[in-house]
$ cat entry.tsv   # TSV, C-alpha atoms and all ligand atoms
chain	number	residue	atom	x	y	z
A	363	MET	CA	-78.52	48.38	144.33
A	364	PRO	CA	-80.19	45.29	145.72
A	365	PRO	CA	-81.22	45.53	149.37
A	366	SER	CA	-78.35	44.53	151.59
A	367	ALA	CA	-78.29	43.65	155.26
A	368	ILE	CA	-79.97	46.17	157.52
A	369	SER	CA	-79.21	44.14	160.60
A	370	PRO	CA	-79.18	46.56	163.53
A	371	ILE	CA	-82.69	47.81	162.92
A	372	SER	CA	-84.18	44.94	160.97
A	373	PRO	CA	-86.72	42.61	162.53
A	374	PRO	CA	-85.61	39.11	163.50
A	375	THR	CA	-85.08	36.95	160.45
A	376	PRO	CA	-88.09	34.70	159.93
A	377	THR	CA	-87.33	31.08	159.21
A	378	GLY	CA	-89.47	28.64	157.32
A	379	HIS	CA	-91.19	25.91	159.31
A	380	ASP	CA	-88.46	23.49	158.36
A	381	GLY	CA	-85.88	26.17	159.15
A	382	GLU	CA	-84.17	25.76	155.77
A	383	GLN	CA	-85.89	28.28	153.50
A	384	ASP	CA	-83.93	30.93	151.66
A	385	VAL	CA	-85.51	34.07	153.12
A	386	ASP	CA	-84.03	36.70	150.79
A	387	LEU	CA	-86.86	36.54	148.30
A	388	THR	CA	-86.92	40.23	147.39
A	389	SER	CA	-83.20	40.68	146.94
A	390	MET	CA	-82.96	37.43	144.98
A	391	ALA	CA	-85.79	38.56	142.71
A	392	ILE	CA	-84.05	41.90	142.17
A	393	GLU	CA	-80.80	40.11	141.34
A	394	HIS	CA	-82.59	37.96	138.78
A	395	LYS	CA	-84.25	40.97	137.16
A	396	MET	CA	-81.00	42.89	136.95
A	397	ALA	CA	-78.93	39.89	135.84
A	398	LYS	CA	-77.09	40.36	132.60
A	399	PRO	CA	-77.10	37.26	130.41
A	400	ALA	CA	-73.74	35.51	130.21
A	401	ALA	CA	-71.68	36.02	127.04
A	402	PRO	CA	-74.23	35.90	124.23
A	403	THR	CA	-74.36	32.80	122.08
A	404	PRO	CA	-76.07	32.81	118.67
A	405	GLU	CA	-79.05	30.99	120.23
A	406	SER	CA	-79.38	33.35	123.19
A	407	GLN	CA	-79.05	36.32	120.82
A	408	ALA	CA	-81.81	34.99	118.65
A	409	LYS	CA	-83.99	34.71	121.78
A	410	ALA	CA	-82.94	37.96	123.48
A	411	LEU	CA	-85.72	40.49	123.64
A	412	PRO	CA	-84.99	44.01	122.48
A	413	ASP	CA	-83.79	46.48	125.11
A	414	LEU	CA	-84.84	50.10	125.15
A	415	ASP	CA	-83.00	51.63	122.19
A	416	ALA	CA	-82.83	55.40	121.76
A	417	SER	CA	-81.39	55.07	118.25
A	418	LYS	CA	-84.76	53.68	117.12
A	419	LEU	CA	-86.65	56.80	118.24
A	420	GLU	CA	-89.48	57.65	115.83
A	421	TYR	CA	-90.70	61.23	115.53
A	422	GLU	CA	-94.24	62.50	115.06
A	423	LEU	CA	-94.04	66.24	115.53
A	424	THR	CA	-97.06	68.29	116.54
A	425	LYS	CA	-98.86	70.30	113.89
A	426	GLN	CA	-100.21	72.65	116.55
A	427	PRO	CA	-97.40	73.96	118.73
A	428	ARG	CA	-98.87	75.60	121.82
A	429	PRO	CA	-97.92	79.08	123.01
A	430	VAL	CA	-95.08	79.03	125.54
A	431	PRO	CA	-96.21	80.75	128.74
A	432	GLU	CA	-94.12	83.02	130.90
A	433	GLU	CA	-92.63	81.06	133.78
A	434	ALA	CA	-94.68	82.89	136.42
A	435	ALA	CA	-97.96	82.29	134.56
A	436	ALA	CA	-97.09	78.61	134.10
A	437	TRP	CA	-96.32	78.19	137.79
A	438	ALA	CA	-99.61	79.84	138.74
A	439	SER	CA	-101.60	77.42	136.58
A	440	PRO	CA	-103.62	74.86	138.53
A	441	GLU	CA	-102.59	72.27	135.95
A	442	THR	CA	-98.96	71.38	135.25
A	443	ILE	CA	-98.04	72.81	131.86
A	444	CYS	CA	-96.01	70.45	129.71
A	445	THR	CA	-94.11	71.08	126.50
A	446	ASP	CA	-95.40	70.13	123.04
A	447	HIS	CA	-94.06	66.59	122.99
A	448	MET	CA	-93.57	63.50	125.07
A	449	ILE	CA	-91.70	60.26	124.50
A	450	LEU	CA	-93.36	56.89	124.98
A	451	ALA	CA	-91.99	53.36	124.86
A	452	THR	CA	-93.87	50.19	125.66
A	453	TRP	CA	-92.58	46.91	127.02
A	454	SER	CA	-94.09	43.48	127.03
A	455	ALA	CA	-92.73	40.31	128.55
A	456	LYS	CA	-93.21	38.57	125.19
A	457	THR	CA	-91.66	41.11	122.84
A	458	GLY	CA	-89.39	43.29	125.00
A	459	TRP	CA	-89.08	47.04	124.43
A	460	SER	CA	-90.79	48.72	121.49
A	461	SER	CA	-89.14	51.46	119.46
A	462	PRO	CA	-89.58	54.66	121.46
A	463	ARG	CA	-91.76	57.34	119.95
A	464	LEU	CA	-91.68	61.10	120.29
A	465	GLN	CA	-95.21	62.38	119.76
A	466	PRO	CA	-97.53	65.28	120.67
A	467	TYR	CA	-98.20	65.62	124.40
A	468	GLY	CA	-101.53	64.09	125.38
A	469	PRO	CA	-103.30	61.48	127.47
A	470	PRO	CA	-102.19	57.87	127.13
A	471	SER	CA	-104.83	55.19	126.78
A	472	LEU	CA	-105.21	52.76	129.65
A	473	MET	CA	-107.64	50.00	130.61
A	474	PRO	CA	-109.47	50.47	133.93
A	475	THR	CA	-107.97	47.13	134.99
A	476	ALA	CA	-104.38	48.29	134.38
A	477	SER	CA	-102.09	47.05	137.14
A	478	VAL	CA	-100.85	50.55	138.03
A	479	LEU	CA	-104.34	51.78	138.87
A	480	HIS	CA	-104.78	49.08	141.50
A	481	TYR	CA	-101.39	47.98	142.78
A	482	ALA	CA	-99.21	51.10	142.59
A	483	THR	CA	-96.84	49.59	140.03
A	484	GLU	CA	-95.35	52.97	139.16
A	485	CYS	CA	-91.97	54.63	139.49
A	486	PHE	CA	-90.66	57.98	138.34
A	487	GLU	CA	-87.73	60.35	138.15
A	488	GLY	CA	-87.32	64.10	138.19
A	489	LEU	CA	-84.49	66.23	136.92
A	490	LYS	CA	-84.09	69.72	135.57
A	491	ALA	CA	-82.96	71.03	132.20
A	492	TYR	CA	-81.43	74.50	132.26
A	493	ARG	CA	-80.86	77.14	129.62
A	494	GLY	CA	-77.54	78.47	130.74
A	495	HIS	CA	-76.47	82.08	130.55
A	496	ASP	CA	-73.95	80.87	127.98
A	497	GLY	CA	-76.89	79.75	125.81
A	498	ALA	CA	-76.30	76.02	126.28
A	499	LEU	CA	-79.07	73.62	127.25
A	500	ARG	CA	-78.04	71.27	130.06
A	501	LEU	CA	-79.46	68.41	132.07
A	502	PHE	CA	-78.14	67.97	135.61
A	503	ARG	CA	-76.41	64.55	135.88
A	504	PRO	CA	-79.04	62.60	133.88
A	505	ALA	CA	-77.05	59.36	134.08
A	506	CYS	CA	-77.64	59.28	137.86
A	507	ASN	CA	-81.41	59.59	137.41
A	508	ALA	CA	-81.47	56.97	134.67
A	509	ALA	CA	-79.58	54.46	136.82
A	510	ARG	CA	-81.83	55.16	139.81
A	511	MET	CA	-84.93	54.64	137.69
A	512	VAL	CA	-83.79	51.10	136.88
A	513	THR	CA	-83.38	50.44	140.63
A	514	SER	CA	-86.88	51.76	141.32
A	515	ALA	CA	-88.45	49.87	138.41
A	516	VAL	CA	-87.17	46.45	139.35
A	517	ARG	CA	-88.21	46.96	142.99
A	518	ILE	CA	-91.84	46.96	141.85
A	519	SER	CA	-91.50	44.28	139.18
A	520	LEU	CA	-91.33	46.67	136.24
A	521	PRO	CA	-88.75	45.84	133.58
A	522	ALA	CA	-85.13	46.93	133.66
A	523	PHE	CA	-83.72	48.80	130.66
A	524	SER	CA	-80.53	50.41	129.46
A	525	PRO	CA	-80.01	53.56	131.57
A	526	ALA	CA	-77.93	55.04	128.75
A	527	ALA	CA	-80.94	54.71	126.43
A	528	LEU	CA	-83.15	56.59	128.89
A	529	ALA	CA	-80.55	59.34	129.24
A	530	ALA	CA	-80.39	59.62	125.42
A	531	LEU	CA	-84.19	59.87	125.23
A	532	LEU	CA	-84.20	62.68	127.78
A	533	THR	CA	-81.74	64.51	125.57
A	534	ALA	CA	-83.90	63.85	122.49
A	535	LEU	CA	-86.99	65.37	124.12
A	536	LEU	CA	-85.02	68.40	125.23
A	537	ALA	CA	-83.42	68.75	121.81
A	538	THR	CA	-86.93	68.87	120.29
A	539	ASP	CA	-88.75	71.11	122.78
A	540	GLY	CA	-85.85	72.99	124.37
A	541	PRO	CA	-85.29	75.55	121.61
A	542	ARG	CA	-88.85	76.88	121.88
A	543	TRP	CA	-89.69	76.17	125.53
A	544	LEU	CA	-86.36	77.30	126.94
A	545	PRO	CA	-85.45	79.93	124.36
A	546	ARG	CA	-81.95	81.31	124.13
A	547	SER	CA	-83.42	84.77	124.37
A	548	ARG	CA	-84.53	83.99	127.96
A	549	PRO	CA	-81.58	82.41	129.77
A	550	GLY	CA	-81.95	81.25	133.36
A	551	PRO	CA	-85.21	79.29	133.60
A	552	TYR	CA	-85.47	75.54	133.64
A	553	LEU	CA	-87.85	72.78	132.67
A	554	TYR	CA	-88.55	69.88	134.99
A	555	VAL	CA	-88.22	66.57	133.16
A	556	ARG	CA	-90.33	63.71	134.43
A	557	PRO	CA	-89.71	60.16	133.19
A	558	ALA	CA	-92.17	57.65	134.65
A	559	MET	CA	-93.07	54.03	134.14
A	560	ILE	CA	-96.37	52.29	134.81
A	561	ALA	CA	-97.58	48.70	134.56
A	562	THR	CA	-100.36	48.58	131.98
A	563	THR	CA	-101.29	44.89	132.03
A	564	PRO	CA	-105.11	44.75	132.19
A	565	GLN	CA	-105.15	42.01	134.79
A	566	LEU	CA	-106.57	42.28	138.29
A	567	GLY	CA	-104.69	39.19	139.47
A	568	VAL	CA	-102.09	40.35	141.99
A	569	LYS	CA	-98.98	39.43	140.06
A	570	ALA	CA	-95.95	40.88	138.36
A	571	PRO	CA	-97.05	42.85	135.28
A	572	SER	CA	-96.24	41.67	131.78
A	573	ASP	CA	-96.74	45.06	130.07
A	574	ALA	CA	-95.39	48.49	130.87
A	575	LEU	CA	-95.37	52.02	129.50
A	576	LEU	CA	-92.41	54.33	129.93
A	577	PHE	CA	-93.14	57.98	129.26
A	578	ILE	CA	-91.13	61.17	129.48
A	579	THR	CA	-92.65	64.61	129.78
A	580	ALA	CA	-91.11	68.02	130.42
A	581	CYS	CA	-92.97	70.74	132.25
A	582	PHE	CA	-92.85	73.95	134.25
A	583	LEU	CA	-92.47	73.24	137.96
A	584	PRO	CA	-92.34	76.09	140.45
A	585	ARG	CA	-89.21	76.69	142.47
A	586	LEU	CA	-89.70	75.34	145.95
A	587	ASP	CA	-86.71	77.09	147.44
A	588	ASP	CA	-88.94	79.92	148.58
A	589	PRO	CA	-89.63	81.09	151.16
A	590	ARG	CA	-86.26	82.77	151.30
A	591	GLY	CA	-85.28	83.06	154.90
A	592	GLY	CA	-85.70	79.43	155.62
A	593	MET	CA	-87.82	76.38	155.83
A	594	LYS	CA	-89.60	75.35	158.96
A	595	LEU	CA	-89.78	71.59	159.39
A	596	HIS	CA	-92.27	69.70	161.51
A	597	THR	CA	-90.96	66.36	162.79
A	598	SER	CA	-93.04	63.45	161.54
A	599	PRO	CA	-95.98	62.46	163.71
A	600	GLU	CA	-95.69	59.32	165.81
A	601	ASP	CA	-98.52	57.70	163.86
A	602	MET	CA	-96.78	57.95	160.48
A	603	VAL	CA	-93.61	56.40	159.05
A	604	ARG	CA	-92.40	57.33	155.56
A	605	ALA	CA	-90.12	54.34	155.02
A	606	TRP	CA	-89.03	51.39	157.10
A	607	ALA	CA	-86.37	48.71	157.23
A	608	GLY	CA	-87.12	46.15	154.54
A	609	GLY	CA	-89.45	48.59	152.79
A	610	PHE	CA	-88.86	50.62	149.65
A	611	GLY	CA	-87.96	54.13	150.81
A	612	TYR	CA	-84.82	53.92	148.66
A	613	ALA	CA	-86.89	53.61	145.47
A	614	LYS	CA	-88.65	56.50	143.75
A	615	VAL	CA	-91.98	54.69	143.53
A	616	GLY	CA	-95.35	56.41	143.63
A	617	ALA	CA	-96.41	54.23	146.57
A	618	ASN	CA	-94.06	56.24	148.83
A	619	TYR	CA	-95.79	59.56	148.24
A	620	GLY	CA	-99.58	59.30	148.38
A	621	PRO	CA	-99.66	58.10	151.98
A	622	SER	CA	-97.34	60.90	153.14
A	623	LEU	CA	-99.60	63.70	151.89
A	624	LEU	CA	-101.90	63.82	154.92
A	625	ALA	CA	-99.11	64.51	157.42
A	626	THR	CA	-97.55	67.06	155.06
A	627	GLN	CA	-100.88	68.83	154.62
A	628	GLU	CA	-101.37	68.94	158.39
A	629	ALA	CA	-97.85	70.30	158.93
A	630	LYS	CA	-98.52	73.01	156.34
A	631	ALA	CA	-101.81	73.90	158.01
A	632	ARG	CA	-99.79	74.47	161.18
A	633	GLY	CA	-97.42	76.84	159.43
A	634	TYR	CA	-94.56	74.47	158.58
A	635	THR	CA	-93.02	74.05	155.14
A	636	GLN	CA	-92.39	70.31	155.23
A	637	VAL	CA	-92.18	67.21	157.40
A	638	LEU	CA	-88.83	66.02	158.75
A	639	TRP	CA	-89.28	62.26	158.58
A	640	LEU	CA	-87.94	60.49	161.65
A	641	TYR	CA	-87.53	56.74	162.01
A	642	GLY	CA	-87.65	54.35	164.90
A	643	PRO	CA	-87.91	54.85	168.65
A	644	ASP	CA	-84.70	56.93	168.73
A	645	GLY	CA	-85.99	59.40	166.13
A	646	LEU	CA	-83.39	58.89	163.41
A	647	CYS	CA	-83.41	61.82	160.99
A	648	THR	CA	-84.01	60.54	157.48
A	649	GLU	CA	-85.41	63.03	154.96
A	650	ALA	CA	-87.19	66.37	154.74
A	651	GLY	CA	-90.29	66.08	152.57
A	652	ALA	CA	-89.13	64.50	149.33
A	653	SER	CA	-85.58	65.76	149.69
A	654	ASN	CA	-82.47	64.71	151.57
A	655	PHE	CA	-81.60	66.42	154.82
A	656	PHE	CA	-78.26	67.67	156.12
A	657	VAL	CA	-77.12	69.29	159.33
A	658	VAL	CA	-73.88	71.11	159.85
A	659	TRP	CA	-72.51	71.18	163.38
A	660	ARG	CA	-69.27	71.74	165.16
A	661	SER	CA	-67.72	68.44	166.21
A	662	ARG	CA	-68.30	67.63	169.83
A	663	ASP	CA	-64.85	66.09	170.22
A	664	ASP	CA	-62.90	68.70	168.32
A	665	PRO	CA	-64.55	72.12	168.17
A	666	ALA	CA	-62.09	73.16	165.46
A	667	ARG	CA	-63.79	70.72	163.06
A	668	VAL	CA	-67.13	71.06	161.39
A	669	GLU	CA	-69.21	68.04	160.38
A	670	LEU	CA	-71.66	67.93	157.49
A	671	VAL	CA	-73.93	65.09	158.59
A	672	THR	CA	-76.55	63.21	156.58
A	673	ALA	CA	-78.34	59.86	156.84
A	674	PRO	CA	-76.55	56.86	155.28
A	675	LEU	CA	-77.70	55.01	152.17
A	676	ASP	CA	-77.06	51.46	153.37
A	677	ASP	CA	-80.11	51.40	155.66
A	678	LEU	CA	-82.20	51.63	152.45
A	679	LEU	CA	-84.52	54.06	154.23
A	680	ILE	CA	-83.73	57.13	152.16
A	681	LEU	CA	-83.52	57.98	148.51
A	682	ASP	CA	-80.05	58.16	146.97
A	683	GLY	CA	-80.58	61.77	145.89
A	684	VAL	CA	-78.54	63.16	143.03
A	685	ASN	CA	-78.29	66.46	144.87
A	686	ARG	CA	-77.34	64.65	148.11
A	687	ARG	CA	-74.62	62.87	146.20
A	688	SER	CA	-73.47	66.15	144.66
A	689	VAL	CA	-73.33	67.92	148.04
A	690	VAL	CA	-71.38	65.01	149.54
A	691	GLN	CA	-68.97	64.86	146.60
A	692	LEU	CA	-68.41	68.60	146.48
A	693	ALA	CA	-67.94	68.95	150.22
A	694	ARG	CA	-65.47	66.02	150.32
A	695	GLU	CA	-63.57	67.44	147.39
A	696	ARG	CA	-63.55	71.11	148.28
A	697	LEU	CA	-64.25	71.64	151.96
A	698	ALA	CA	-61.97	69.05	153.58
A	699	ALA	CA	-59.09	71.52	153.59
A	700	GLU	CA	-61.29	73.98	155.44
A	701	GLY	CA	-61.91	71.56	158.28
A	702	VAL	CA	-65.28	70.18	157.12
A	703	ASP	CA	-65.75	66.42	157.48
A	704	VAL	CA	-68.57	64.74	155.58
A	705	VAL	CA	-70.26	62.17	157.79
A	706	GLU	CA	-72.85	59.73	156.40
A	707	ARG	CA	-74.27	58.03	159.46
A	708	ARG	CA	-77.40	57.50	161.48
A	709	TYR	CA	-78.11	60.48	163.70
A	710	THR	CA	-81.10	61.36	165.83
A	711	ILE	CA	-83.23	64.44	166.29
A	712	GLY	CA	-81.98	64.36	169.91
A	713	GLU	CA	-78.42	64.90	168.68
A	714	VAL	CA	-79.55	67.83	166.55
A	715	LEU	CA	-81.35	69.43	169.49
A	716	GLU	CA	-78.37	68.81	171.74
A	717	ALA	CA	-75.99	70.42	169.23
A	718	ASP	CA	-78.35	73.39	169.14
A	719	ARG	CA	-78.47	73.65	172.94
A	720	GLU	CA	-74.68	73.52	173.07
A	721	GLY	CA	-74.40	76.21	170.42
A	722	ARG	CA	-72.66	73.83	167.97
A	723	LEU	CA	-75.38	73.73	165.31
A	724	LEU	CA	-74.37	75.88	162.35
A	725	GLU	CA	-76.80	75.08	159.54
A	726	ALA	CA	-79.39	72.63	158.33
A	727	PHE	CA	-80.64	72.27	154.79
A	728	ALA	CA	-82.60	70.08	152.42
A	729	ALA	CA	-81.31	69.05	148.99
A	730	GLY	CA	-83.35	67.71	146.12
A	731	THR	CA	-84.14	68.58	142.51
A	732	ALA	CA	-87.40	70.32	143.31
A	733	VAL	CA	-86.06	71.88	146.50
A	734	ARG	CA	-82.76	73.10	145.29
A	735	ALA	CA	-81.34	73.35	148.82
A	736	LEU	CA	-81.68	75.85	151.54
A	737	SER	CA	-83.09	76.43	154.84
A	738	ASP	CA	-82.68	76.81	158.48
A	739	THR	CA	-84.79	74.53	160.57
A	740	LEU	CA	-83.80	76.57	163.57
A	741	SER	CA	-82.38	80.02	163.66
A	742	SER	CA	-79.21	79.61	161.64
A	743	PRO	CA	-78.48	81.56	158.47
A	744	ILE	CA	-79.73	80.36	155.14
A	745	PHE	CA	-77.34	78.16	153.18
A	746	VAL	CA	-77.93	78.00	149.45
A	747	PHE	CA	-76.11	75.66	147.12
A	748	SER	CA	-76.05	75.92	143.39
A	749	PHE	CA	-74.19	73.67	141.04
A	750	PRO	CA	-73.24	75.55	137.90
A	751	PHE	CA	-70.03	73.52	137.70
A	752	LEU	CA	-71.47	70.02	138.03
A	753	VAL	CA	-73.80	69.73	135.09
A	754	ASP	CA	-73.70	67.30	132.23
A	755	TRP	CA	-74.34	68.82	128.86
A	756	CYS	CA	-76.82	67.83	126.20
B	1	LIG	C1	-86.63	62.74	144.61
B	1	LIG	C2	-86.37	62.60	146.07
B	1	LIG	C3	-85.22	63.13	146.69
B	1	LIG	C4	-84.25	64.01	145.97
B	1	LIG	O1	-83.52	63.36	144.99
B	1	LIG	P1	-82.76	64.23	143.90
B	1	LIG	O2	-82.19	63.21	142.99
B	1	LIG	O3	-81.71	64.99	144.62
B	1	LIG	O4	-83.78	65.10	143.28
B	1	LIG	C5	-85.01	62.85	148.02
B	1	LIG	N1	-85.89	62.12	148.73
B	1	LIG	C6	-87.00	61.62	148.19
B	1	LIG	C7	-87.92	60.82	149.03
B	1	LIG	C8	-87.29	61.85	146.85
B	1	LIG	O5	-88.41	61.38	146.31
$ encode --input "entry.tsv" --output "structure tokens"
Amino acid sequence: MPPSAISPISPPTPTGHDGEQDVDLTSMAIEHKMAKPAAPTPESQAKALPDLDASKLEYELTKQPRPVPEEAAAWASPETICTDHMILATWSAKTGWSSPRLQPYGPPSLMPTASVLHYATECFEGLKAYRGHDGALRLFRPACNAARMVTSAVRISLPAFSPAALAALLTALLATDGPRWLPRSRPGPYLYVRPAMIATTPQLGVKAPSDALLFITACFLPRLDDPRGGMKLHTSPEDMVRAWAGGFGYAKVGANYGPSLLATQEAKARGYTQVLWLYGPDGLCTEAGASNFFVVWRSRDDPARVELVTAPLDDLLILDGVNRRSVVQLARERLAAEGVDVVERRYTIGEVLEADREGRLLEAFAAGTAVRALSDTLSSPIFVFSFPFLVDWC
């Protein structure tokens, strides 16, 4: 998804001093990185660098499997507890993708000059694997996460790769560690699966990296959909913007998160659960913490209709959440007949407050993998989604 026009809120287009420069440098660069070569010729095939290939996965299994903790004990641990194995694959501009390797969980080796440590050349994904009550092990829509990771990677000059290969590697890690870490005898819990990619080039020059490491871990991550009874959101402070027009809020890159921690910490200290990130002088509602935000209100024009409203994707300010997408798809498919219209558009905090004053506000909730969805920002009843019917199997 290369950045497209964001005209109404974008700054005036700069022109070169001769007025003739092509100004779309970022989107052009993204197009080049994503470009598929034309029909392969024998010469281009001989030159083509290897893509990420899950069928080449090599296995080095641990000789010391660790004890699997109870979920509650794992969540209480100050350190994230990962499963026995991880998958690594390296990339270099000269040789392309290496064969991926499943090996014992442990620290990777990195030079102090590695690009990621200085220039935030990192992106990641997060999805959950569930042991169903029917005994099956499932990942929730992994193809969506894999495709999004390619979008995030190219935004920060990391290499593209086959999303299908990443999805297959996620399955391979789960197939190895799932049986012990999500045992059939204990249905219900989940593991959080975290693919990430970093630029490892040991080069302090500020330039696109020529080496990268992709790694996949699986761990225990506490449920964030407590407290039951609702989430209290603090609107973002005027001195802090999470994402902006022409920025990279649509990419799951580490650079989006570190700078947001201060405001979140302050909101928590004041008794709020998360920050509701607003944008621009009108206070456009964008996201709640690191999850997408929805409000449900009665239509102003036709009180018989209910609108499920969420920020649009084409501003490139918000993340294209897999749970957001699932809520939108499910509501369009199943709630239209009940008078619920799904509306993806810009809306302001003023509109939300007005709907509340007029008694039209029905619900508000956040949706993301970590925050499975819930909450009343105001006084409305809690609204919990779960998606047992929308999972992909592995
Ligand atoms: C990860 C994330 C989300 C949620 O995306 P899901 O795919 O639904 O987990 C929403 N917003 C931000 C900023 C995120 O980082």
$ closest_residue --input "entry.tsv" --among "A:Leu723, A:Leu681, A:Thr562, A:Pro549" --to "Arg604 (chain A)" --atoms "only C-alpha atoms"
A:Leu681
$ residues_around --input "entry.tsv" --residues "Pro621 (chain A)" --least-positions-apart "4" --cutoff "9 Å" --atoms "only C-alpha atoms" --output "list in words"
Met602, Arg604, Ala617 and Ala625 of chain A
$ residues_near_point --input "entry.tsv" --point "(-87.9, 69.9, 127.6)" --cutoff "9 Å" --atoms "only C-alpha atoms" --output "list of chain:residue names"
A:Cys444, A:Thr445, A:Asp446, A:His447, A:Met448, A:Lys490, A:Ala491, A:Leu532, A:Thr533, A:Ala534, A:Leu535, A:Leu536, A:Ala537, A:Thr538, A:Asp539, A:Gly540, A:Pro541, A:Trp543, A:Leu544, A:Tyr552, A:Leu553, A:Tyr554, A:Val555, A:Thr579, A:Ala580, A:Cys581
$ residues_near_ligand --input "entry.tsv" --ligand "ligand LIG 1 (chain B)" --cutoff "7 Å" --atoms "only C-alpha atoms and all ligand atoms" --output "number ranges by chain"
A: 487-489, 507, 611, 614, 649, 651-654, 680-686, 729-732
$ residues_around --input "entry.tsv" --residues "Trp437 (chain A)" --least-positions-apart "6" --cutoff "9 Å" --atoms "all atoms listed in the file" --output "PyMOL selection string"
chain A and resi 443+582-585
$ write_last_selection --input "entry.tsv" --atoms "C-alpha atoms" --output "PDB file, in the frame of the given file"
ATOM      1  CA  ILE A 443     -98.040  72.810 131.860  1.00  0.00           C
ATOM      2  CA  PHE A 582     -92.850  73.950 134.250  1.00  0.00           C
ATOM      3  CA  LEU A 583     -92.470  73.240 137.960  1.00  0.00           C
ATOM      4  CA  PRO A 584     -92.340  76.090 140.450  1.00  0.00           C
ATOM      5  CA  ARG A 585     -89.210  76.690 142.470  1.00  0.00           C
TER       6      ARG A 585
END
$ residues_around --input "entry.tsv" --residues "Glu420 (chain A)" --least-positions-apart "2" --cutoff "7 Å" --atoms "all atoms listed in the file" --output "PyMOL selection string"
chain A and resi 418+422+462-464
$ atom_distance --input "entry.tsv" --atom1 "CA of Ala508 (chain A)" --atom2 "CA of Glu706 (chain A)"
23.5 Å
$ closest_residue --input "entry.tsv" --among "A:Val704, A:Val516, A:Ala728, A:Leu679" --to "Ser389 (chain A)" --atoms "only C-alpha atoms"
A:Val516
